[in-house]
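Pasting model.json here (JSON, C-alpha atoms):
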[["chain", "number", "residue", "atom", "x", "y", "z"],
["D", 284, "MET", "CA", 74.46, -74.41, -78.19],
["D", 285, "ASN", "CA", 71.44, -74.48, -80.48],
["D", 286, "ALA", "CA", 70.84, -77.63, -82.53],
["D", 287, "ILE", "CA", 68.04, -78.89, -84.74],
["D", 288, "GLN", "CA", 67.75, -82.68, -84.86],
["D", 289, "ASN", "CA", 65.29, -84.33, -87.25],
["D", 290, "PRO", "CA", 64.67, -88.06, -87.82],
["D", 291, "PHE", "CA", 67.21, -90.00, -89.84],
["D", 292, "PRO", "CA", 66.15, -91.26, -93.29],
["D", 293, "THR", "CA", 65.87, -94.95, -94.11],
["D", 294, "PRO", "CA", 68.73, -96.09, -96.36],
["D", 295, "ALA", "CA", 67.75, -96.85, -99.96],
["D", 296, "PRO", "CA", 66.97, -100.48, -100.93],
["D", 297, "SER", "CA", 69.96, -102.63, -101.83],
["D", 298, "ASP", "CA", 68.75, -103.28, -105.38],
["D", 299, "VAL", "CA", 68.65, -99.53, -106.10],
["D", 300, "VAL", "CA", 72.13, -99.04, -104.63],
["D", 301, "SER", "CA", 73.46, -101.98, -106.66],
["D", 302, "ALA", "CA", 71.97, -100.61, -109.88],
["D", 303, "LEU", "CA", 73.48, -97.17, -109.30],
["D", 304, "HIS", "CA", 76.93, -98.69, -108.79],
["D", 305, "GLY", "CA", 76.77, -99.69, -112.45],
["D", 306, "ILE", "CA", 75.85, -96.23, -113.80],
["D", 307, "VAL", "CA", 78.28, -93.38, -114.40],
["D", 308, "VAL", "CA", 77.52, -89.97, -112.94],
["D", 309, "SER", "CA", 77.57, -88.26, -116.34],
["D", 310, "HIS", "CA", 74.66, -90.41, -117.57],
["D", 311, "LEU", "CA", 72.66, -89.59, -114.46],
["D", 312, "SER", "CA", 73.47, -85.91, -114.93],
["D", 313, "ASP", "CA", 72.37, -85.97, -118.57],
["D", 314, "ASN", "CA", 68.99, -87.29, -117.50],
["D", 315, "LEU", "CA", 68.62, -84.70, -114.75],
["D", 316, "ALA", "CA", 68.29, -82.05, -117.50],
["D", 317, "ARG", "CA", 72.00, -81.22, -117.07],
["D", 318, "LEU", "CA", 70.97, -78.72, -114.42],
["D", 319, "SER", "CA", 71.35, -80.73, -111.22],
["D", 320, "GLY", "CA", 74.44, -81.89, -109.42],
["D", 321, "VAL", "CA", 77.15, -80.75, -107.07],
["D", 322, "THR", "CA", 79.96, -78.67, -108.59],
["D", 323, "GLY", "CA", 83.32, -77.44, -107.37],
["D", 324, "LEU", "CA", 84.25, -80.31, -105.04],
["D", 325, "ARG", "CA", 87.45, -82.38, -105.21],
["D", 326, "ARG", "CA", 87.66, -86.14, -104.98],
["D", 327, "ILE", "CA", 89.93, -86.76, -101.97],
["D", 328, "HIS", "CA", 89.99, -90.57, -102.21],
["D", 329, "ARG", "CA", 91.33, -92.62, -105.13],
["D", 330, "GLN", "CA", 88.57, -94.23, -107.16],
["D", 331, "ARG", "CA", 85.88, -96.07, -105.19],
["D", 332, "LYS", "CA", 82.33, -95.30, -106.33],
["D", 333, "LEU", "CA", 80.10, -93.44, -103.89],
["D", 334, "VAL", "CA", 76.47, -94.54, -103.66],
["D", 335, "GLY", "CA", 74.24, -94.04, -100.64],
["D", 336, "THR", "CA", 71.49, -92.18, -98.86],
["D", 337, "ALA", "CA", 72.04, -88.62, -97.66],
["D", 338, "VAL", "CA", 72.21, -87.75, -93.99],
["D", 339, "THR", "CA", 72.49, -83.97, -94.05],
["D", 340, "VAL", "CA", 74.28, -81.71, -91.60],
["D", 341, "LYS", "CA", 74.41, -77.93, -91.61],
["D", 342, "VAL", "CA", 77.26, -76.55, -89.54],
["D", 343, "ARG", "CA", 78.81, -73.23, -88.68],
["D", 344, "PRO", "CA", 81.91, -72.92, -90.88],
["D", 345, "GLY", "CA", 84.80, -74.69, -89.21],
["D", 346, "ASP", "CA", 82.71, -76.44, -86.52],
["D", 347, "ASN", "CA", 82.00, -80.19, -86.56],
["D", 348, "LEU", "CA", 80.04, -80.77, -83.34],
["D", 349, "LEU", "CA", 76.89, -81.87, -85.20],
["D", 350, "ILE", "CA", 78.94, -84.11, -87.48],
["D", 351, "TYR", "CA", 79.91, -86.09, -84.39],
["D", 352, "LYS", "CA", 76.26, -86.50, -83.49],
["D", 353, "ALA", "CA", 75.28, -87.54, -87.02],
["D", 354, "LEU", "CA", 77.90, -90.28, -87.06],
["D", 355, "THR", "CA", 76.58, -91.81, -83.85],
["D", 356, "LEU", "CA", 73.02, -92.00, -85.22],
["D", 357, "GLY", "CA", 73.64, -92.97, -88.86],
["D", 358, "GLN", "CA", 73.16, -96.41, -90.37],
["D", 359, "PRO", "CA", 75.05, -98.52, -92.92],
["D", 360, "GLY", "CA", 74.48, -97.07, -96.37],
["D", 361, "HIS", "CA", 74.23, -93.46, -95.25],
["D", 362, "VAL", "CA", 76.34, -90.72, -96.85],
["D", 363, "LEU", "CA", 77.34, -87.81, -94.64],
["D", 364, "VAL", "CA", 76.48, -84.62, -96.56],
["D", 365, "VAL", "CA", 77.75, -81.47, -94.85],
["D", 366, "ASP", "CA", 76.96, -77.86, -95.69],
["D", 367, "GLY", "CA", 79.97, -76.06, -94.25],
["D", 368, "GLY", "CA", 79.40, -72.92, -96.26],
["D", 369, "GLY", "CA", 82.32, -73.72, -98.56],
["D", 370, "ASP", "CA", 84.75, -72.41, -95.93],
["D", 371, "LEU", "CA", 88.32, -73.75, -96.19],
["D", 372, "THR", "CA", 89.79, -72.30, -93.00],
["D", 373, "ASN", "CA", 89.25, -75.30, -90.70],
["D", 374, "ALA", "CA", 88.84, -78.95, -91.68],
["D", 375, "LEU", "CA", 85.53, -80.53, -90.72],
["D", 376, "VAL", "CA", 86.58, -84.19, -90.91],
["D", 377, "GLY", "CA", 89.84, -86.10, -90.80],
["D", 378, "GLU", "CA", 91.29, -89.58, -90.29],
["D", 379, "LEU", "CA", 89.63, -90.31, -86.94],
["D", 380, "ILE", "CA", 86.18, -89.47, -88.25],
["D", 381, "LEU", "CA", 86.94, -91.48, -91.40],
["D", 382, "LEU", "CA", 87.77, -94.55, -89.32],
["D", 383, "TYR", "CA", 84.70, -94.20, -87.14],
["D", 384, "ALA", "CA", 82.39, -93.59, -90.10],
["D", 385, "ARG", "CA", 83.72, -96.64, -91.91],
["D", 386, "GLN", "CA", 83.21, -98.74, -88.80],
["D", 387, "ARG", "CA", 79.62, -97.46, -88.59],
["D", 388, "GLY", "CA", 78.98, -98.48, -92.20],
["D", 389, "PHE", "CA", 78.79, -95.05, -93.81],
["D", 390, "SER", "CA", 79.27, -95.09, -97.59],
["D", 391, "GLY", "CA", 81.19, -91.83, -97.78],
["D", 392, "PHE", "CA", 81.32, -88.07, -97.30],
["D", 393, "VAL", "CA", 80.29, -85.04, -99.35],
["D", 394, "ILE", "CA", 81.67, -81.94, -97.63],
["D", 395, "ASP", "CA", 81.15, -78.34, -98.72],
["D", 396, "GLY", "CA", 84.15, -77.32, -96.69],
["D", 397, "ALA", "CA", 87.64, -78.59, -95.93],
["D", 398, "VAL", "CA", 88.99, -81.96, -94.80],
["D", 399, "ARG", "CA", 92.40, -82.97, -93.52],
["D", 400, "ASP", "CA", 94.52, -86.14, -93.34],
["D", 401, "SER", "CA", 94.00, -86.44, -97.07],
["D", 402, "ALA", "CA", 96.58, -89.23, -97.34],
["D", 403, "ALA", "CA", 94.43, -91.37, -95.06],
["D", 404, "PHE", "CA", 91.44, -90.96, -97.37],
["D", 405, "ALA", "CA", 93.57, -91.92, -100.35],
["D", 406, "GLU", "CA", 95.03, -94.96, -98.57],
["D", 407, "ALA", "CA", 91.64, -96.19, -97.35],
["D", 408, "ASP", "CA", 89.96, -95.23, -100.66],
["D", 409, "PHE", "CA", 87.01, -94.11, -98.54],
["D", 410, "PRO", "CA", 84.72, -92.02, -100.79],
["D", 411, "CYS", "CA", 85.11, -88.35, -99.90],
["D", 412, "TYR", "CA", 84.37, -85.25, -101.94],
["D", 413, "ALA", "CA", 85.30, -81.89, -100.40],
["D", 414, "ARG", "CA", 85.80, -78.26, -101.32],
["D", 415, "GLY", "CA", 89.46, -78.46, -100.31],
["D", 416, "VAL", "CA", 92.04, -79.43, -97.70],
["D", 417, "SER", "CA", 93.25, -77.63, -94.56],
["D", 418, "HIS", "CA", 95.62, -78.76, -91.81],
["D", 419, "ARG", "CA", 93.73, -76.65, -89.25],
["D", 420, "GLY", "CA", 91.35, -78.64, -87.10],
["D", 421, "PRO", "CA", 87.69, -77.87, -86.33],
["D", 422, "TYR", "CA", 85.91, -76.27, -83.40],
["D", 423, "LYS", "CA", 83.27, -78.20, -81.48],
["D", 424, "GLN", "CA", 80.81, -75.64, -80.19],
["D", 425, "GLY", "CA", 77.88, -75.62, -82.64],
["D", 426, "PRO", "CA", 75.32, -74.53, -83.53],
["D", 427, "GLY", "CA", 74.11, -76.83, -86.28],
["D", 428, "ALA", "CA", 71.24, -78.85, -87.70],
["D", 429, "LEU", "CA", 70.72, -82.51, -88.59],
["D", 430, "ASN", "CA", 68.62, -83.72, -91.51],
["D", 431, "VAL", "CA", 67.49, -80.42, -92.95],
["D", 432, "PRO", "CA", 67.74, -79.35, -96.59],
["D", 433, "VAL", "CA", 71.30, -78.17, -97.28],
["D", 434, "THR", "CA", 73.14, -76.58, -100.19],
["D", 435, "VAL", "CA", 76.35, -78.23, -101.36],
["D", 436, "GLY", "CA", 78.19, -76.89, -104.39],
["D", 437, "GLY", "CA", 75.06, -75.27, -105.79],
["D", 438, "GLN", "CA", 72.85, -78.31, -105.27],
["D", 439, "VAL", "CA", 70.04, -78.52, -102.71],
["D", 440, "ILE", "CA", 70.21, -81.93, -101.05],
["D", 441, "HIS", "CA", 67.43, -83.25, -98.83],
["D", 442, "PRO", "CA", 67.82, -85.93, -96.16],
["D", 443, "GLY", "CA", 67.02, -89.27, -97.78],
["D", 444, "ASP", "CA", 68.15, -88.23, -101.26],
["D", 445, "LEU", "CA", 70.35, -90.64, -103.16],
["D", 446, "VAL", "CA", 73.93, -89.50, -103.67],
["D", 447, "VAL", "CA", 76.19, -90.89, -106.40],
["D", 448, "GLY", "CA", 79.81, -89.92, -107.01],
["D", 449, "ASP", "CA", 82.60, -90.99, -109.34],
["D", 450, "GLU", "CA", 85.61, -89.44, -111.07],
["D", 451, "ASP", "CA", 83.40, -86.84, -112.76],
["D", 452, "GLY", "CA", 81.74, -85.54, -109.58],
["D", 453, "VAL", "CA", 78.57, -85.94, -107.54],
["D", 454, "VAL", "CA", 74.85, -85.91, -108.28],
["D", 455, "SER", "CA", 71.87, -86.26, -105.96],
["D", 456, "PHE", "CA", 68.17, -86.92, -106.48],
["D", 457, "SER", "CA", 65.13, -88.10, -104.56],
["D", 458, "GLN", "CA", 64.53, -91.80, -104.05],
["D", 459, "SER", "CA", 61.20, -91.43, -105.87],
["D", 460, "GLN", "CA", 63.14, -90.54, -109.04],
["D", 461, "ALA", "CA", 65.49, -93.50, -108.84],
["D", 462, "ALA", "CA", 63.67, -96.11, -110.94],
["D", 463, "ALA", "CA", 62.94, -93.79, -113.86],
["D", 464, "LEU", "CA", 66.41, -92.26, -113.72],
["D", 465, "ILE", "CA", 68.14, -95.65, -113.71],
["D", 466, "GLU", "CA", 66.13, -96.73, -116.75],
["D", 467, "ALA", "CA", 66.88, -93.48, -118.60],
["D", 468, "ALA", "CA", 70.60, -93.63, -117.77],
["D", 469, "ARG", "CA", 70.81, -97.19, -119.07],
["D", 470, "LYS", "CA", 69.28, -96.01, -122.36],
["D", 471, "THR", "CA", 71.87, -93.25, -122.52],
["D", 472, "ALA", "CA", 74.63, -95.81, -122.02],
["D", 473, "ALA", "CA", 73.22, -98.01, -124.78],
["D", 474, "HIS", "CA", 73.03, -95.02, -127.14],
["D", 475, "GLU", "CA", 76.65, -94.10, -126.44],
["D", 476, "GLU", "CA", 77.77, -97.67, -127.09],
["D", 477, "ALA", "CA", 76.08, -97.46, -130.51],
["D", 478, "VAL", "CA", 77.88, -94.18, -131.22],
["D", 479, "LYS", "CA", 81.22, -95.76, -130.26],
["D", 480, "ARG", "CA", 80.59, -98.57, -132.72],
["D", 481, "GLU", "CA", 79.84, -96.02, -135.45],
["D", 482, "ILE", "CA", 83.02, -94.06, -134.66],
["D", 483, "ALA", "CA", 84.98, -97.31, -134.91],
["D", 484, "THR", "CA", 83.94, -97.67, -138.57],
["D", 485, "GLY", "CA", 86.29, -94.82, -139.42],
["D", 486, "LYS", "CA", 83.74, -93.02, -141.60],
["D", 487, "VAL", "CA", 83.84, -89.23, -141.71],
["D", 488, "GLU", "CA", 80.06, -89.02, -142.03],
["D", 489, "GLN", "CA", 78.45, -90.00, -138.76],
["D", 490, "SER", "CA", 74.73, -90.08, -138.00],
["D", 491, "TRP", "CA", 75.20, -88.84, -134.44],
["D", 492, "LEU", "CA", 77.03, -85.76, -135.77],
["D", 493, "ASP", "CA", 74.43, -85.16, -138.45],
["D", 494, "LYS", "CA", 71.66, -85.05, -135.85],
["D", 495, "VAL", "CA", 73.34, -81.95, -134.40],
["D", 496, "LEU", "CA", 74.88, -80.32, -137.44],
["D", 497, "ILE", "CA", 72.06, -80.59, -139.98],
["D", 498, "PRO", "CA", 69.37, -78.88, -137.80],
["D", 499, "ALA", "CA", 71.93, -76.09, -137.21],
["D", 500, "GLY", "CA", 72.38, -75.67, -140.95],
["D", 501, "LEU", "CA", 76.01, -76.81, -140.85]]
The structure given in the file should be rewritten as structure tokens.
Amino acid sequence: MNAIQNPFPTPAPSDVVSALHGIVVSHLSDNLARLSGVTGLRRIHRQRKLVGTAVTVKVRPGDNLLIYKALTLGQPGHVLVVDGGGDLTNALVGELILLYARQRGFSGFVIDGAVRDSAAFAEADFPCYARGVSHRGPYKQGPGALNVPVTVGGQVIHPGDLVVGDEDGVVSFSQSQAAALIEAARKTAAHEEAVKREIATGKVEQSWLDKVLIPAGL
């Protein structure tokens, strides 16, 4: 079995994690030029927000040997991000891995592949985004790689990146971007609150519409 194992990233500071818990994914996405972010994954849990630091794993489709290793070495605040090639034939994680990851302090999973025991994820409300669900279990032979750049749902995710997920999906970005992105997302939220207040006036003419329509000659 061939395996690449790189050092594990340091989890993001608690103040950054706390700030991101108060920001919706769509506002982060808007300030990432609307080009970044994971697409095509399902939310398997109910509603808990996902915020944490990426530990990345690249596996052969349907094989979770290196996921086992990652879970033993991760720290509280890590998010397990798995590039499983989008394959849905065999599940890469299930209830037992959920329980162990939660005990180890992981914040959640982002899996470009299948999971199983979906009811357990819903009951525990343990953050998990996956390509789909399969009852068929995984192989444990390798090969694989730990903490290398991976591709998940069209997004390149590096070990140590911040990962944020809610009902709209998942975005990721480098920790060096966090402060500026948090500030920009808060401004977006404030702008949208102002628009909501204007909508509440009941007027047909709205300044936020005019900013789009007038330049377009409409």
Atom CA of Thr322 of chain D to atom CA of Leu492 of chain D, straight-line distance in Å: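 Separation between atom CA of Leu492 of chain D and atom CA of Thr322 of chain D: 28.2 Å.
Those residues that approach segment 472-479 of chain D to within 9 Å, counting all atoms listed in the file, are D:Ile306, D:Val307, D:His310, D:Ala467, D:Ala468, D:Ala483, D:Thr484, D:Gln489, D:Ser490, D:Trp491; same-chain residues fewer than 4 positions away are not listed.
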Sel. within 7 Å of pt (76.2, -79.5, -103.4), counting all atoms listed in the file, output as a PyMOL selection string: chain D and resi 320-322+395+434-440
For the residues selected in the previous step, produce a file with C-alpha atoms as a PDB file, keeping the file's coordinate frame.
ATOM      1  CA  GLY D 320      74.440 -81.890-109.420  1.00  0.00           C
ATOM      2  CA  VAL D 321      77.150 -80.750-107.070  1.00  0.00           C
ATOM      3  CA  THR D 322      79.960 -78.670-108.590  1.00  0.00           C
ATOM      4  CA  ASP D 395      81.150 -78.340 -98.720  1.00  0.00           C
ATOM      5  CA  THR D 434      73.140 -76.580-100.190  1.00  0.00           C
ATOM      6  CA  VAL D 435      76.350 -78.230-101.360  1.00  0.00           C
ATOM      7  CA  GLY D 436      78.190 -76.890-104.390  1.00  0.00           C
ATOM      8  CA  GLY D 437      75.060 -75.270-105.790  1.00  0.00           C
ATOM      9  CA  GLN D 438      72.850 -78.310-105.270  1.00  0.00           C
ATOM     10  CA  VAL D 439      70.040 -78.520-102.710  1.00  0.00           C
ATOM     11  CA  ILE D 440      70.210 -81.930-101.050  1.00  0.00           C
TER      12      ILE D 440
END
Identify the residues around (68.2, -85.9, -88.2) within a radius of 12 Å, measuring from all atoms listed in the file in the coordinates stated by the file, and give them as a PDB file with C-alpha atoms, in the frame of the given file.
ATOM      1  CA  ALA D 286      70.840 -77.630 -82.530  1.00  0.00           C
ATOM      2  CA  ILE D 287      68.040 -78.890 -84.740  1.00  0.00           C
ATOM      3  CA  GLN D 288      67.750 -82.680 -84.860  1.00  0.00           C
ATOM      4  CA  ASN D 289      65.290 -84.330 -87.250  1.00  0.00           C
ATOM      5  CA  PRO D 290      64.670 -88.060 -87.820  1.00  0.00           C
ATOM      6  CA  PHE D 291      67.210 -90.000 -89.840  1.00  0.00           C
ATOM      7  CA  PRO D 292      66.150 -91.260 -93.290  1.00  0.00           C
ATOM      8  CA  THR D 293      65.870 -94.950 -94.110  1.00  0.00           C
ATOM      9  CA  ALA D 337      72.040 -88.620 -97.660  1.00  0.00           C
ATOM     10  CA  VAL D 338      72.210 -87.750 -93.990  1.00  0.00           C
ATOM     11  CA  THR D 339      72.490 -83.970 -94.050  1.00  0.00           C
ATOM     12  CA  VAL D 340      74.280 -81.710 -91.600  1.00  0.00           C
ATOM     13  CA  LYS D 341      74.410 -77.930 -91.610  1.00  0.00           C
ATOM     14  CA  LEU D 349      76.890 -81.870 -85.200  1.00  0.00           C
ATOM     15  CA  ILE D 350      78.940 -84.110 -87.480  1.00  0.00           C
ATOM     16  CA  LYS D 352      76.260 -86.500 -83.490  1.00  0.00           C
ATOM     17  CA  ALA D 353      75.280 -87.540 -87.020  1.00  0.00           C
ATOM     18  CA  LEU D 354      77.900 -90.280 -87.060  1.00  0.00           C
ATOM     19  CA  THR D 355      76.580 -91.810 -83.850  1.00  0.00           C
ATOM     20  CA  LEU D 356      73.020 -92.000 -85.220  1.00  0.00           C
ATOM     21  CA  GLY D 357      73.640 -92.970 -88.860  1.00  0.00           C
ATOM     22  CA  GLN D 358      73.160 -96.410 -90.370  1.00  0.00           C
ATOM     23  CA  HIS D 361      74.230 -93.460 -95.250  1.00  0.00           C
ATOM     24  CA  LEU D 363      77.340 -87.810 -94.640  1.00  0.00           C
ATOM     25  CA  VAL D 364      76.480 -84.620 -96.560  1.00  0.00           C
ATOM     26  CA  GLY D 427      74.110 -76.830 -86.280  1.00  0.00           C
ATOM     27  CA  ALA D 428      71.240 -78.850 -87.700  1.00  0.00           C
ATOM     28  CA  LEU D 429      70.720 -82.510 -88.590  1.00  0.00           C
ATOM     29  CA  ASN D 430      68.620 -83.720 -91.510  1.00  0.00           C
ATOM     30  CA  VAL D 431      67.490 -80.420 -92.950  1.00  0.00           C
ATOM     31  CA  PRO D 432      67.740 -79.350 -96.590  1.00  0.00           C
ATOM     32  CA  HIS D 441      67.430 -83.250 -98.830  1.00  0.00           C
ATOM     33  CA  PRO D 442      67.820 -85.930 -96.160  1.00  0.00           C
ATOM     34  CA  GLY D 443      67.020 -89.270 -97.780  1.00  0.00           C
TER      35      GLY D 443
END
Please write out, as JSON, where the centre of an axis-aligned box around all listed atoms of segment 483-500 of chain D lies and how long its edges are, in Å to one decimal, after adding 6 Å on each side.
{"center_x": 77.8, "center_y": -86.7, "center_z": -138.2, "size_x": 28.9, "size_y": 34.0, "size_z": 19.6}
Neighbour list for Ala407 of chain D as a ChimeraX atom specification, cut-off 12 Å, only C-alpha atoms, skip fewer than 5 positions in-chain: /D:327-331,378,381-382,385,391,400-402
d(atom CA of Ala374 of chain D, atom CA of Pro359 of chain D) in Å: 24.0 Å
